[in-house]
>>> print(open('upload_25.cif').read())   # mmCIF, C-alpha atoms and all ligand atoms
data_structure
loop_
_atom_site.label_atom_id
_atom_site.label_comp_id
_atom_site.auth_asym_id
_atom_site.auth_seq_id
_atom_site.Cartn_x
_atom_site.Cartn_y
_atom_site.Cartn_z
CA MET A 1 24.46 -24.61 -44.74
CA ARG A 2 26.79 -22.49 -42.67
CA TYR A 3 25.31 -20.28 -39.97
CA VAL A 4 26.97 -17.55 -37.94
CA VAL A 5 25.25 -16.92 -34.61
CA THR A 6 26.31 -13.72 -32.87
CA GLY A 7 25.66 -14.06 -29.17
CA GLY A 8 25.60 -17.82 -29.71
CA ALA A 9 27.03 -18.56 -26.25
CA GLY A 10 24.14 -16.73 -24.59
CA PHE A 11 20.78 -17.92 -23.41
CA ILE A 12 18.65 -17.83 -26.58
CA GLY A 13 21.75 -18.26 -28.75
CA SER A 14 23.07 -21.47 -27.25
CA ASN A 15 19.61 -23.06 -27.21
CA THR A 16 19.31 -22.24 -30.92
CA VAL A 17 22.83 -23.45 -31.73
CA ASP A 18 21.98 -26.82 -30.13
CA GLU A 19 19.12 -27.19 -32.60
CA LEU A 20 21.21 -26.06 -35.59
CA VAL A 21 23.83 -28.68 -34.74
CA ARG A 22 21.15 -31.32 -34.23
CA ARG A 23 19.93 -30.57 -37.75
CA GLY A 24 23.42 -31.06 -39.12
CA HIS A 25 24.32 -27.46 -39.97
CA ARG A 26 27.77 -25.94 -39.66
CA VAL A 27 27.80 -23.21 -37.05
CA THR A 28 30.19 -20.46 -36.10
CA VAL A 29 29.43 -18.92 -32.73
CA PHE A 30 30.66 -15.34 -32.44
CA ASP A 31 30.47 -14.15 -28.84
CA ASP A 32 32.56 -11.92 -26.59
CA LEU A 33 31.44 -13.85 -23.48
CA SER A 34 30.40 -10.59 -21.81
CA SER A 35 27.16 -12.25 -20.81
CA GLY A 36 27.31 -15.53 -22.74
CA LYS A 37 29.06 -18.53 -21.23
CA GLN A 38 31.30 -21.03 -22.93
CA HIS A 39 29.86 -23.81 -20.77
CA ASN A 40 26.50 -23.24 -22.50
CA LEU A 41 28.21 -24.81 -25.53
CA ALA A 42 30.09 -27.51 -23.64
CA ARG A 43 28.04 -30.43 -24.99
CA ILE A 44 28.54 -29.40 -28.62
CA GLY A 45 31.93 -27.70 -28.36
CA ASP A 46 33.64 -30.08 -30.77
CA LYS A 47 30.89 -29.70 -33.39
CA ILE A 48 31.03 -25.91 -33.82
CA ASP A 49 33.55 -23.17 -34.50
CA PHE A 50 33.79 -20.73 -31.64
CA VAL A 51 35.20 -17.23 -32.18
CA GLN A 52 35.58 -14.96 -29.18
CA GLY A 53 34.99 -11.44 -30.40
CA THR A 54 32.76 -8.43 -30.08
CA ILE A 55 30.39 -7.11 -32.72
CA THR A 56 31.86 -3.65 -32.14
CA ASP A 57 35.03 -4.96 -33.83
CA ALA A 58 34.11 -4.68 -37.52
CA ALA A 59 37.11 -6.65 -38.78
CA ALA A 60 36.45 -9.54 -36.40
CA VAL A 61 32.76 -9.81 -37.40
CA SER A 62 33.69 -9.68 -41.08
CA ALA A 63 36.21 -12.47 -40.65
CA ALA A 64 33.66 -14.61 -38.82
CA CYS A 65 31.00 -14.09 -41.51
CA ARG A 66 33.20 -14.99 -44.47
CA GLY A 67 31.68 -17.99 -46.25
CA ALA A 68 28.44 -17.93 -44.22
CA ASP A 69 25.02 -18.55 -45.78
CA TYR A 70 22.97 -17.21 -42.88
CA VAL A 71 23.49 -14.92 -39.89
CA LEU A 72 21.42 -15.02 -36.71
CA HIS A 73 22.23 -11.78 -34.93
CA LEU A 74 21.49 -12.05 -31.22
CA ALA A 75 24.53 -10.35 -29.66
CA ALA A 76 23.42 -7.27 -27.72
CA ARG A 77 23.15 -5.50 -24.42
CA THR A 78 19.77 -6.88 -23.46
CA SER A 79 18.80 -4.99 -20.32
CA VAL A 80 16.40 -2.06 -20.21
CA PRO A 81 17.71 -0.59 -16.89
CA ARG A 82 21.32 -1.00 -18.02
CA SER A 83 20.48 1.05 -21.11
CA VAL A 84 18.84 3.71 -18.94
CA LYS A 85 21.99 3.86 -16.80
CA ASP A 86 24.39 3.93 -19.75
CA PRO A 87 22.65 4.77 -23.04
CA VAL A 88 25.93 5.40 -24.87
CA GLU A 89 27.28 1.93 -24.18
CA THR A 90 24.02 0.17 -25.13
CA ASN A 91 23.81 2.27 -28.28
CA HIS A 92 27.41 1.46 -29.19
CA VAL A 93 26.95 -2.29 -28.89
CA ASN A 94 23.41 -2.58 -30.21
CA VAL A 95 23.49 -0.02 -33.02
CA ASP A 96 27.16 0.20 -34.12
CA GLY A 97 27.48 -3.54 -33.56
CA THR A 98 24.41 -4.27 -35.69
CA VAL A 99 25.69 -2.08 -38.51
CA ASN A 100 28.98 -4.01 -38.39
CA VAL A 101 27.09 -7.31 -38.61
CA LEU A 102 25.04 -6.05 -41.56
CA VAL A 103 28.13 -4.83 -43.42
CA ALA A 104 29.84 -8.16 -42.77
CA ALA A 105 26.78 -10.06 -44.02
CA ARG A 106 26.57 -7.91 -47.13
CA ASP A 107 30.25 -8.35 -47.95
CA ALA A 108 30.05 -12.11 -47.39
CA GLY A 109 27.03 -12.45 -49.68
CA VAL A 110 24.92 -13.87 -46.86
CA ARG A 111 21.45 -14.92 -48.00
CA ARG A 112 19.49 -13.73 -45.00
CA VAL A 113 20.07 -12.05 -41.64
CA VAL A 114 17.64 -12.78 -38.80
CA PHE A 115 17.71 -10.12 -36.09
CA ALA A 116 16.73 -10.33 -32.42
CA SER A 117 14.39 -7.40 -31.99
CA SER A 118 12.15 -6.87 -28.99
CA SER A 119 8.66 -6.16 -27.75
CA ALA A 120 10.34 -3.13 -26.15
CA ILE A 121 10.03 -1.29 -29.47
CA TYR A 122 6.27 -0.91 -28.90
CA GLY A 123 6.75 1.12 -25.73
CA GLU A 124 3.58 2.30 -24.08
CA THR A 125 1.21 2.01 -27.04
CA PRO A 126 -1.99 1.45 -25.07
CA THR A 127 -3.57 -1.34 -27.09
CA LEU A 128 -3.08 -4.99 -26.18
CA PRO A 129 -2.13 -7.35 -27.69
CA LYS A 130 0.62 -5.71 -29.71
CA ARG A 131 0.44 -6.15 -33.46
CA GLU A 132 3.35 -5.70 -35.80
CA ASP A 133 1.61 -2.91 -37.71
CA MET A 134 1.29 -0.67 -34.62
CA PRO A 135 3.52 2.39 -34.70
CA PRO A 136 6.60 1.76 -32.56
CA ALA A 137 7.17 4.14 -29.64
CA PRO A 138 9.98 2.84 -27.45
CA ILE A 139 10.42 4.44 -24.01
CA SER A 140 13.92 3.17 -23.16
CA PRO A 141 17.32 3.56 -24.83
CA TYR A 142 17.30 -0.23 -25.24
CA GLY A 143 13.97 -0.14 -27.09
CA VAL A 144 15.26 2.59 -29.37
CA THR A 145 18.37 0.58 -30.25
CA LYS A 146 16.25 -2.42 -31.22
CA LEU A 147 14.02 -0.28 -33.40
CA VAL A 148 17.07 1.29 -35.04
CA GLY A 149 18.41 -2.21 -35.67
CA GLU A 150 15.20 -3.09 -37.51
CA LEU A 151 15.39 0.10 -39.55
CA TYR A 152 19.03 -0.50 -40.46
CA GLY A 153 18.32 -4.07 -41.48
CA ASN A 154 15.39 -3.14 -43.68
CA MET A 155 17.45 -0.38 -45.24
CA PHE A 156 20.28 -2.89 -45.96
CA GLN A 157 17.76 -5.14 -47.66
CA HIS A 158 16.52 -2.24 -49.75
CA VAL A 159 19.87 -0.72 -50.67
CA TYR A 160 22.23 -3.72 -50.71
CA GLY A 161 19.84 -6.63 -51.20
CA VAL A 162 20.64 -8.45 -47.93
CA GLU A 163 17.44 -10.25 -46.89
CA PHE A 164 16.46 -9.28 -43.37
CA VAL A 165 13.88 -10.55 -40.87
CA SER A 166 13.15 -9.08 -37.43
CA LEU A 167 11.92 -11.23 -34.57
CA ARG A 168 10.33 -9.27 -31.76
CA TYR A 169 10.85 -11.46 -28.72
CA PHE A 170 8.51 -11.18 -25.77
CA ASN A 171 10.30 -11.91 -22.45
CA VAL A 172 11.93 -15.20 -23.32
CA PHE A 173 12.80 -17.37 -20.30
CA GLY A 174 14.06 -20.89 -19.64
CA PRO A 175 17.15 -23.02 -19.07
CA ARG A 176 20.50 -21.18 -19.29
CA GLN A 177 19.07 -17.74 -18.58
CA ASP A 178 21.72 -16.45 -16.22
CA PRO A 179 20.47 -14.94 -12.94
CA GLY A 180 23.97 -13.67 -12.17
CA SER A 181 23.38 -9.93 -12.53
CA PRO A 182 20.78 -7.45 -11.28
CA TYR A 183 20.15 -6.84 -15.01
CA SER A 184 19.11 -10.46 -15.59
CA GLY A 185 15.63 -11.49 -16.73
CA VAL A 186 13.08 -11.25 -13.94
CA LEU A 187 12.05 -14.92 -13.84
CA SER A 188 15.64 -16.12 -13.53
CA LEU A 189 16.08 -13.70 -10.61
CA PHE A 190 12.81 -14.77 -8.97
CA ILE A 191 13.67 -18.46 -9.29
CA ALA A 192 17.17 -17.91 -7.89
CA ALA A 193 15.74 -16.00 -4.92
CA MET A 194 13.06 -18.60 -4.25
CA ARG A 195 15.53 -21.46 -4.45
CA ASN A 196 18.16 -19.80 -2.24
CA GLY A 197 15.73 -18.79 0.48
CA GLY A 198 15.98 -15.12 -0.54
CA ALA A 199 13.25 -12.56 -1.13
CA PRO A 200 12.35 -11.57 -4.69
CA LEU A 201 12.53 -7.85 -5.38
CA ILE A 202 9.65 -6.25 -7.26
CA TYR A 203 10.00 -2.87 -8.94
CA GLY A 204 6.61 -1.20 -8.55
CA ASP A 205 3.41 -2.92 -7.41
CA GLY A 206 4.03 -6.20 -9.25
CA GLU A 207 0.91 -5.71 -11.36
CA GLN A 208 2.94 -5.02 -14.51
CA SER A 209 2.50 -7.88 -16.95
CA ARG A 210 4.58 -9.69 -19.54
CA ASP A 211 3.97 -12.30 -22.23
CA PHE A 212 6.58 -14.68 -20.81
CA THR A 213 7.72 -17.05 -23.56
CA TYR A 214 9.51 -20.34 -23.03
CA VAL A 215 12.78 -20.50 -24.96
CA GLU A 216 12.02 -23.72 -26.81
CA ASN A 217 9.07 -21.97 -28.42
CA VAL A 218 11.30 -19.41 -30.09
CA VAL A 219 14.12 -21.75 -31.18
CA ASN A 220 12.10 -23.26 -34.00
CA ALA A 221 10.86 -19.86 -35.08
CA ASN A 222 14.45 -18.57 -35.20
CA LEU A 223 15.24 -21.27 -37.73
CA GLN A 224 11.97 -20.96 -39.63
CA ALA A 225 12.75 -17.29 -40.18
CA PHE A 226 15.65 -18.39 -42.43
CA GLU A 227 13.61 -20.81 -44.49
CA ALA A 228 10.16 -19.28 -44.73
CA PRO A 229 9.40 -17.82 -48.17
CA GLY A 230 8.09 -14.31 -48.64
CA VAL A 231 9.07 -12.95 -45.23
CA ALA A 232 12.16 -10.89 -46.06
CA GLY A 233 11.75 -7.35 -44.76
CA MET A 234 9.09 -8.35 -42.24
CA ALA A 235 8.91 -8.24 -38.44
CA PHE A 236 7.28 -10.93 -36.31
CA ASN A 237 6.10 -11.02 -32.72
CA LEU A 238 7.30 -14.14 -30.93
CA GLY A 239 5.35 -14.51 -27.73
CA THR A 240 2.92 -16.97 -26.23
CA GLY A 241 -0.07 -14.69 -26.68
CA GLY A 242 -1.03 -14.38 -23.00
CA ARG A 243 0.27 -12.28 -20.14
CA TYR A 244 1.04 -12.70 -16.47
CA THR A 245 1.65 -10.12 -13.78
CA LEU A 246 4.80 -10.44 -11.71
CA ASN A 247 2.62 -11.12 -8.66
CA GLU A 248 0.99 -14.01 -10.52
CA THR A 249 4.38 -15.50 -11.45
CA LEU A 250 5.34 -15.47 -7.78
CA ARG A 251 2.14 -17.35 -6.85
CA VAL A 252 3.20 -20.14 -9.22
CA LEU A 253 6.77 -20.17 -7.87
CA GLU A 254 5.42 -20.32 -4.30
CA LYS A 255 3.69 -23.55 -5.21
CA PHE A 256 6.92 -25.02 -6.62
CA ALA A 257 8.96 -23.89 -3.62
CA GLY A 258 6.38 -24.80 -1.02
CA ARG A 259 6.81 -21.47 0.75
CA THR A 260 5.64 -17.88 0.52
CA ALA A 261 7.75 -15.49 -1.55
CA ASP A 262 7.73 -12.58 0.92
CA ALA A 263 8.75 -10.26 -1.89
CA ASN A 264 10.14 -6.79 -1.24
CA TYR A 265 8.50 -3.99 -3.21
CA THR A 266 10.45 -0.93 -4.31
CA GLN A 267 10.19 1.98 -6.75
CA PRO A 268 9.24 1.23 -10.39
CA ARG A 269 12.14 1.20 -12.85
CA PRO A 270 12.33 4.12 -15.26
CA GLY A 271 12.13 2.96 -18.89
CA ASP A 272 9.96 -0.07 -18.05
CA ILE A 273 6.76 -0.62 -19.95
CA ARG A 274 3.68 -1.55 -17.94
CA ASP A 275 2.05 -4.31 -19.95
CA SER A 276 3.16 -6.52 -22.79
CA GLN A 277 1.29 -9.14 -24.77
CA ALA A 278 1.84 -10.39 -28.30
CA ASP A 279 -0.55 -10.93 -31.13
CA ILE A 280 1.18 -13.88 -32.78
CA SER A 281 -1.13 -14.42 -35.74
CA ARG A 282 1.42 -13.15 -38.28
CA ALA A 283 4.12 -15.51 -37.02
CA ARG A 284 1.65 -18.39 -36.94
CA GLU A 285 0.67 -17.74 -40.53
CA LYS A 286 4.03 -16.97 -42.12
CA LEU A 287 6.53 -18.86 -39.95
CA GLY A 288 4.32 -21.74 -38.84
CA PHE A 289 4.99 -20.52 -35.31
CA ASN A 290 3.30 -22.66 -32.69
CA PRO A 291 4.28 -21.97 -29.06
CA ARG A 292 3.54 -25.43 -27.75
CA ILE A 293 4.97 -24.98 -24.26
CA SER A 294 2.63 -22.95 -22.06
CA PHE A 295 3.91 -20.43 -19.54
CA GLU A 296 3.16 -22.75 -16.58
CA GLU A 297 4.81 -25.75 -18.21
CA GLY A 298 7.83 -23.64 -19.19
CA LEU A 299 8.18 -22.28 -15.68
CA ARG A 300 8.00 -25.82 -14.25
CA ARG A 301 10.72 -27.00 -16.65
CA THR A 302 12.85 -23.97 -15.85
CA TRP A 303 12.44 -24.50 -12.11
CA ASP A 304 13.45 -28.16 -12.52
CA TRP A 305 16.45 -27.17 -14.61
CA TYR A 306 17.78 -24.78 -11.95
CA SER A 307 17.04 -27.42 -9.29
CA ALA A 308 19.03 -30.07 -11.12
CA ARG A 309 22.08 -27.79 -11.23
CA GLN A 310 22.38 -27.42 -7.46
C1 LIG A 401 13.03 -8.32 -21.34
C2 LIG A 401 14.44 -8.62 -21.76
C3 LIG A 401 14.78 -7.82 -23.00
C4 LIG A 401 13.77 -8.16 -24.07
C5 LIG A 401 12.37 -7.88 -23.57
C6 LIG A 401 11.32 -8.34 -24.55
C7 LIG A 401 16.07 -9.28 -20.07
C8 LIG A 401 17.03 -8.84 -19.03
N1 LIG A 401 15.39 -8.30 -20.69
O1 LIG A 401 12.92 -6.93 -20.96
O2 LIG A 401 16.07 -8.14 -23.47
O3 LIG A 401 14.02 -7.43 -25.23
O4 LIG A 401 12.14 -8.61 -22.37
O5 LIG A 401 11.58 -9.64 -24.92
O6 LIG A 401 15.95 -10.45 -20.35
N2 LIG A 401 11.61 -6.75 -12.37
C9 LIG A 401 11.36 -6.89 -11.01
N3 LIG A 401 12.32 -7.42 -10.22
C10 LIG A 401 13.54 -7.83 -10.71
C11 LIG A 401 13.79 -7.67 -12.10
C12 LIG A 401 12.81 -7.11 -12.90
O7 LIG A 401 10.28 -6.52 -10.52
O8 LIG A 401 14.37 -8.33 -9.93
C13 LIG A 401 10.53 -6.22 -13.22
C14 LIG A 401 10.94 -5.06 -14.11
O9 LIG A 401 10.84 -3.85 -13.42
C15 LIG A 401 9.94 -5.20 -15.25
C16 LIG A 401 9.69 -6.72 -15.33
O10 LIG A 401 10.14 -7.25 -14.10
O11 LIG A 401 8.73 -4.56 -14.93
C17 LIG A 401 10.47 -7.39 -16.46
O12 LIG A 401 11.83 -6.99 -16.36
P1 LIG A 401 13.00 -7.74 -17.18
O13 LIG A 401 13.01 -9.19 -16.88
O14 LIG A 401 14.25 -6.96 -16.96
O15 LIG A 401 12.46 -7.70 -18.68
P2 LIG A 401 12.04 -6.51 -19.68
O16 LIG A 401 12.54 -5.20 -19.22
O17 LIG A 401 10.59 -6.68 -19.96
#
>>> encode(input="upload_25.cif", output="structure tokens")
Amino acid sequence: MRYVVTGGAGFIGSNTVDELVRRGHRVTVFDDLSSGKQHNLARIGDKIDFVQGTITDAAAVSAACRGADYVLHLAARTSVPRSVKDPVETNHVNVDGTVNVLVAARDAGVRRVVFASSSAIYGETPTLPKREDMPPAPISPYGVTKLVGELYGNMFQHVYGVEFVSLRYFNVFGPRQDPGSPYSGVLSLFIAAMRNGGAPLIYGDGEQSRDFTYVENVVNANLQAFEAPGVAGMAFNLGTGGRYTLNETLRVLEKFAGRTADANYTQPRPGDIRDSQADISRAREKLGFNPRISFEEGLRRTWDWYSARQ
């Protein structure tokens, strides 16, 4: 089978491409390297096709998708605060880019598109854990773009017959998450600060919570979403099913580092949701999803991975 992975040089993408290659599939990685890194693919570089291009370039995406059986669409602007700062740019990449990917998949006769959606689509719906049948109510431009992506995909399935599955990721973390920007995922930033002797920065009181999910847990689900029968047109939460406050994550990192975090607290970020936790029963049932790596174990592995790189 031939897979195209948009955003395949990124954090979740490159971890998934490793597994696709291990299973003997042919893979084209389509990535503009705006946040992805070619060195994430270094170990498998000779086993894949790499195309540097942006999903906002319709012709380039179409060329990359020609002859593909499956498309895993991960390329996106992934940061909530970045979308608050520049909603037009996030909309352009995440919405126009997704439409380009869907058109390319349709024209190439792709069997199924799997789309990286987000827990951000739920917004501030007060009930926890979040279930897929709750009405979405995103409170950031980013969350809106992910919801629109789901709607576009389902519409493409309906109108053009392109099978489409949405995976609503819950704060995925782990090896290769890049702490290089203030827009990076919070755990990568916390670990970098704790390792470099710096002080983590907390937006708000640190009591906001997330269902932090170790990347290995979602890699298998990404691939299952292509093979599982009867799931086209559906959305799935991919989380661990628990939740941790930011303050709690720092307590764990303090133990690893053997020192106090001495975090700085500042104003909450506009657009942020307060609490997030996934009900994963649908993914368990339909995708055989089984998040084997706990939050603590994942954080330990991630800490060790960053340590080994220094
Ligand atoms: C994250 C992902 C998003 C994904 C969503 C659900 C990133 C950058 N964002 O969004 O793509 O769709 O999960 O899977 O990976 N915070 C601090 N200090 C910092 C950075 C962040 O206190 O230095 C706080 C934020 O204010 C927020 C929480 O940590 O309350 C999480 O922030 P972040 O890691 O950016 O993730 P989400 O916005 O939840």
>>> closest_atom_pairs(input="upload_25.cif", of="chain A", to="ligand LIG 401 (chain A)", cutoff="7 Å", atoms="all atoms listed in the file", output="JSON lines")
{"residue": "A:Thr78", "atom": "CA", "partner": "A:LIG401", "partner_atom": "O2", "distance": 3.9}
{"residue": "A:Ser79", "atom": "CA", "partner": "A:LIG401", "partner_atom": "C8", "distance": 4.4}
{"residue": "A:Val80", "atom": "CA", "partner": "A:LIG401", "partner_atom": "O16", "distance": 5.1}
{"residue": "A:Ser117", "atom": "CA", "partner": "A:LIG401", "partner_atom": "O3", "distance": 6.8}
{"residue": "A:Ser118", "atom": "CA", "partner": "A:LIG401", "partner_atom": "O3", "distance": 4.2}
{"residue": "A:Ser119", "atom": "CA", "partner": "A:LIG401", "partner_atom": "C6", "distance": 4.7}
{"residue": "A:Ala120", "atom": "CA", "partner": "A:LIG401", "partner_atom": "C6", "distance": 5.5}
{"residue": "A:Arg168", "atom": "CA", "partner": "A:LIG401", "partner_atom": "O5", "distance": 7.0}
{"residue": "A:Tyr169", "atom": "CA", "partner": "A:LIG401", "partner_atom": "O5", "distance": 4.3}
{"residue": "A:Phe170", "atom": "CA", "partner": "A:LIG401", "partner_atom": "O5", "distance": 3.5}
{"residue": "A:Asn171", "atom": "CA", "partner": "A:LIG401", "partner_atom": "O5", "distance": 3.6}
{"residue": "A:Val172", "atom": "CA", "partner": "A:LIG401", "partner_atom": "O5", "distance": 5.8}
{"residue": "A:Pro182", "atom": "CA", "partner": "A:LIG401", "partner_atom": "O8", "distance": 6.6}
{"residue": "A:Tyr183", "atom": "CA", "partner": "A:LIG401", "partner_atom": "C8", "distance": 5.5}
{"residue": "A:Ser184", "atom": "CA", "partner": "A:LIG401", "partner_atom": "C8", "distance": 4.3}
{"residue": "A:Gly185", "atom": "CA", "partner": "A:LIG401", "partner_atom": "O13", "distance": 3.5}
{"residue": "A:Val186", "atom": "CA", "partner": "A:LIG401", "partner_atom": "O13", "distance": 3.6}
{"residue": "A:Leu187", "atom": "CA", "partner": "A:LIG401", "partner_atom": "O13", "distance": 6.6}
{"residue": "A:Leu189", "atom": "CA", "partner": "A:LIG401", "partner_atom": "O8", "distance": 5.7}
{"residue": "A:Phe190", "atom": "CA", "partner": "A:LIG401", "partner_atom": "O8", "distance": 6.7}
{"residue": "A:Pro200", "atom": "CA", "partner": "A:LIG401", "partner_atom": "O8", "distance": 6.5}
{"residue": "A:Leu201", "atom": "CA", "partner": "A:LIG401", "partner_atom": "N3", "distance": 4.9}
{"residue": "A:Ile202", "atom": "CA", "partner": "A:LIG401", "partner_atom": "O7", "distance": 3.3}
{"residue": "A:Tyr203", "atom": "CA", "partner": "A:LIG401", "partner_atom": "O7", "distance": 4.0}
{"residue": "A:Gly204", "atom": "CA", "partner": "A:LIG401", "partner_atom": "O7", "distance": 6.8}
{"residue": "A:Gly206", "atom": "CA", "partner": "A:LIG401", "partner_atom": "O7", "distance": 6.4}
{"residue": "A:Gln208", "atom": "CA", "partner": "A:LIG401", "partner_atom": "O11", "distance": 5.8}
{"residue": "A:Arg210", "atom": "CA", "partner": "A:LIG401", "partner_atom": "O17", "distance": 6.7}
{"residue": "A:Leu246", "atom": "CA", "partner": "A:LIG401", "partner_atom": "O10", "distance": 6.7}
{"residue": "A:Pro268", "atom": "CA", "partner": "A:LIG401", "partner_atom": "O9", "distance": 6.1}
{"residue": "A:Arg269", "atom": "CA", "partner": "A:LIG401", "partner_atom": "O9", "distance": 5.2}
{"residue": "A:Asp272", "atom": "CA", "partner": "A:LIG401", "partner_atom": "O11", "distance": 5.6}
{"residue": "A:Ile273", "atom": "CA", "partner": "A:LIG401", "partner_atom": "O11", "distance": 6.7}
{"residue": "A:Arg274", "atom": "CA", "partner": "A:LIG401", "partner_atom": "O11", "distance": 6.6}
>>> atom_distance(input="upload_25.cif", atom1="atom CA of Phe156 of chain A", atom2="atom CA of Ser140 of chain A")
24.4 Å
>>> closest_residue(input="upload_25.cif", among="A:Met234, A:Cys65, A:Ala58, A:Ala228", to="Leu167 of chain A", atoms="all atoms listed in the file")
A:Met234
>>> axis_aligned_box(input="upload_25.cif", around="segment 261-268 of chain A", padding_each_side="3 Å", output="lines of an AutoDock Vina configuration file")
center_x = 9.1
center_y = -6.8
center_z = -4.7
size_x = 8.7
size_y = 23.5
size_z = 17.3
>>> closest_residue(input="upload_25.cif", among="A:Ala75, A:Ile293, A:Val231, A:Met194", to="Phe11 of chain A", atoms="only C-alpha atoms")
A:Ala75
>>> closest_residue(input="upload_25.cif", among="A:Ile139, A:Leu238, A:Val61, A:Ala257", to="Tyr214 of chain A", atoms="only C-alpha atoms")
A:Leu238
>>> closest_residue(input="upload_25.cif", among="A:Glu132, A:Glu163, A:Glu254, A:Glu296", to="Arg282 of chain A", atoms="all atoms listed in the file")
A:Glu132
>>> closest_residue(input="upload_25.cif", among="A:Gly149, A:Pro87, A:Pro291, A:Pro141", to="Gly239 of chain A", atoms="only C-alpha atoms")
A:Pro291
>>> closest_residue(input="upload_25.cif", among="A:Tyr152, A:Gly143, A:Val103, A:Val17", to="Glu124 of chain A", atoms="all atoms listed in the file")
A:Gly143
>>> atom_distance(input="upload_25.cif", atom1="atom CA of Gly45 of chain A", atom2="atom CA of Arg111 of chain A")
25.7 Å
>>> atom_distance(input="upload_25.cif", atom1="atom CA of Leu147 of chain A", atom2="atom CA of Leu20 of chain A")
26.9 Å
>>> residues_around(input="upload_25.cif", residues="Ile12 of chain A", least_positions_apart="2", cutoff="12 Å", atoms="only C-alpha atoms", output="VMD selection string")
chain A and resid 5 to 10 14 to 19 35 to 37 40 to 41 72 to 76 78 116 169 171 to 178 213 to 222
>>> residues_around(input="upload_25.cif", residues="Tyr3 of chain A", least_positions_apart="2", cutoff="8 Å", atoms="all atoms listed in the file", output="ChimeraX atom specification")
/A:1,5,25-28,68-72
>>> residues_near_point(input="upload_25.cif", point="(32.4, -19.7, -26.9)", cutoff="7 Å", atoms="all atoms listed in the file", output="number ranges by chain")
A: 9, 29, 31, 33, 37-38, 41, 50-52
>>> residues_near_point(input="upload_25.cif", point="(1.8, -21.3, -11.2)", cutoff="9 Å", atoms="all atoms listed in the file", output="ChimeraX atom specification")
/A:248-256,295-297,299-300
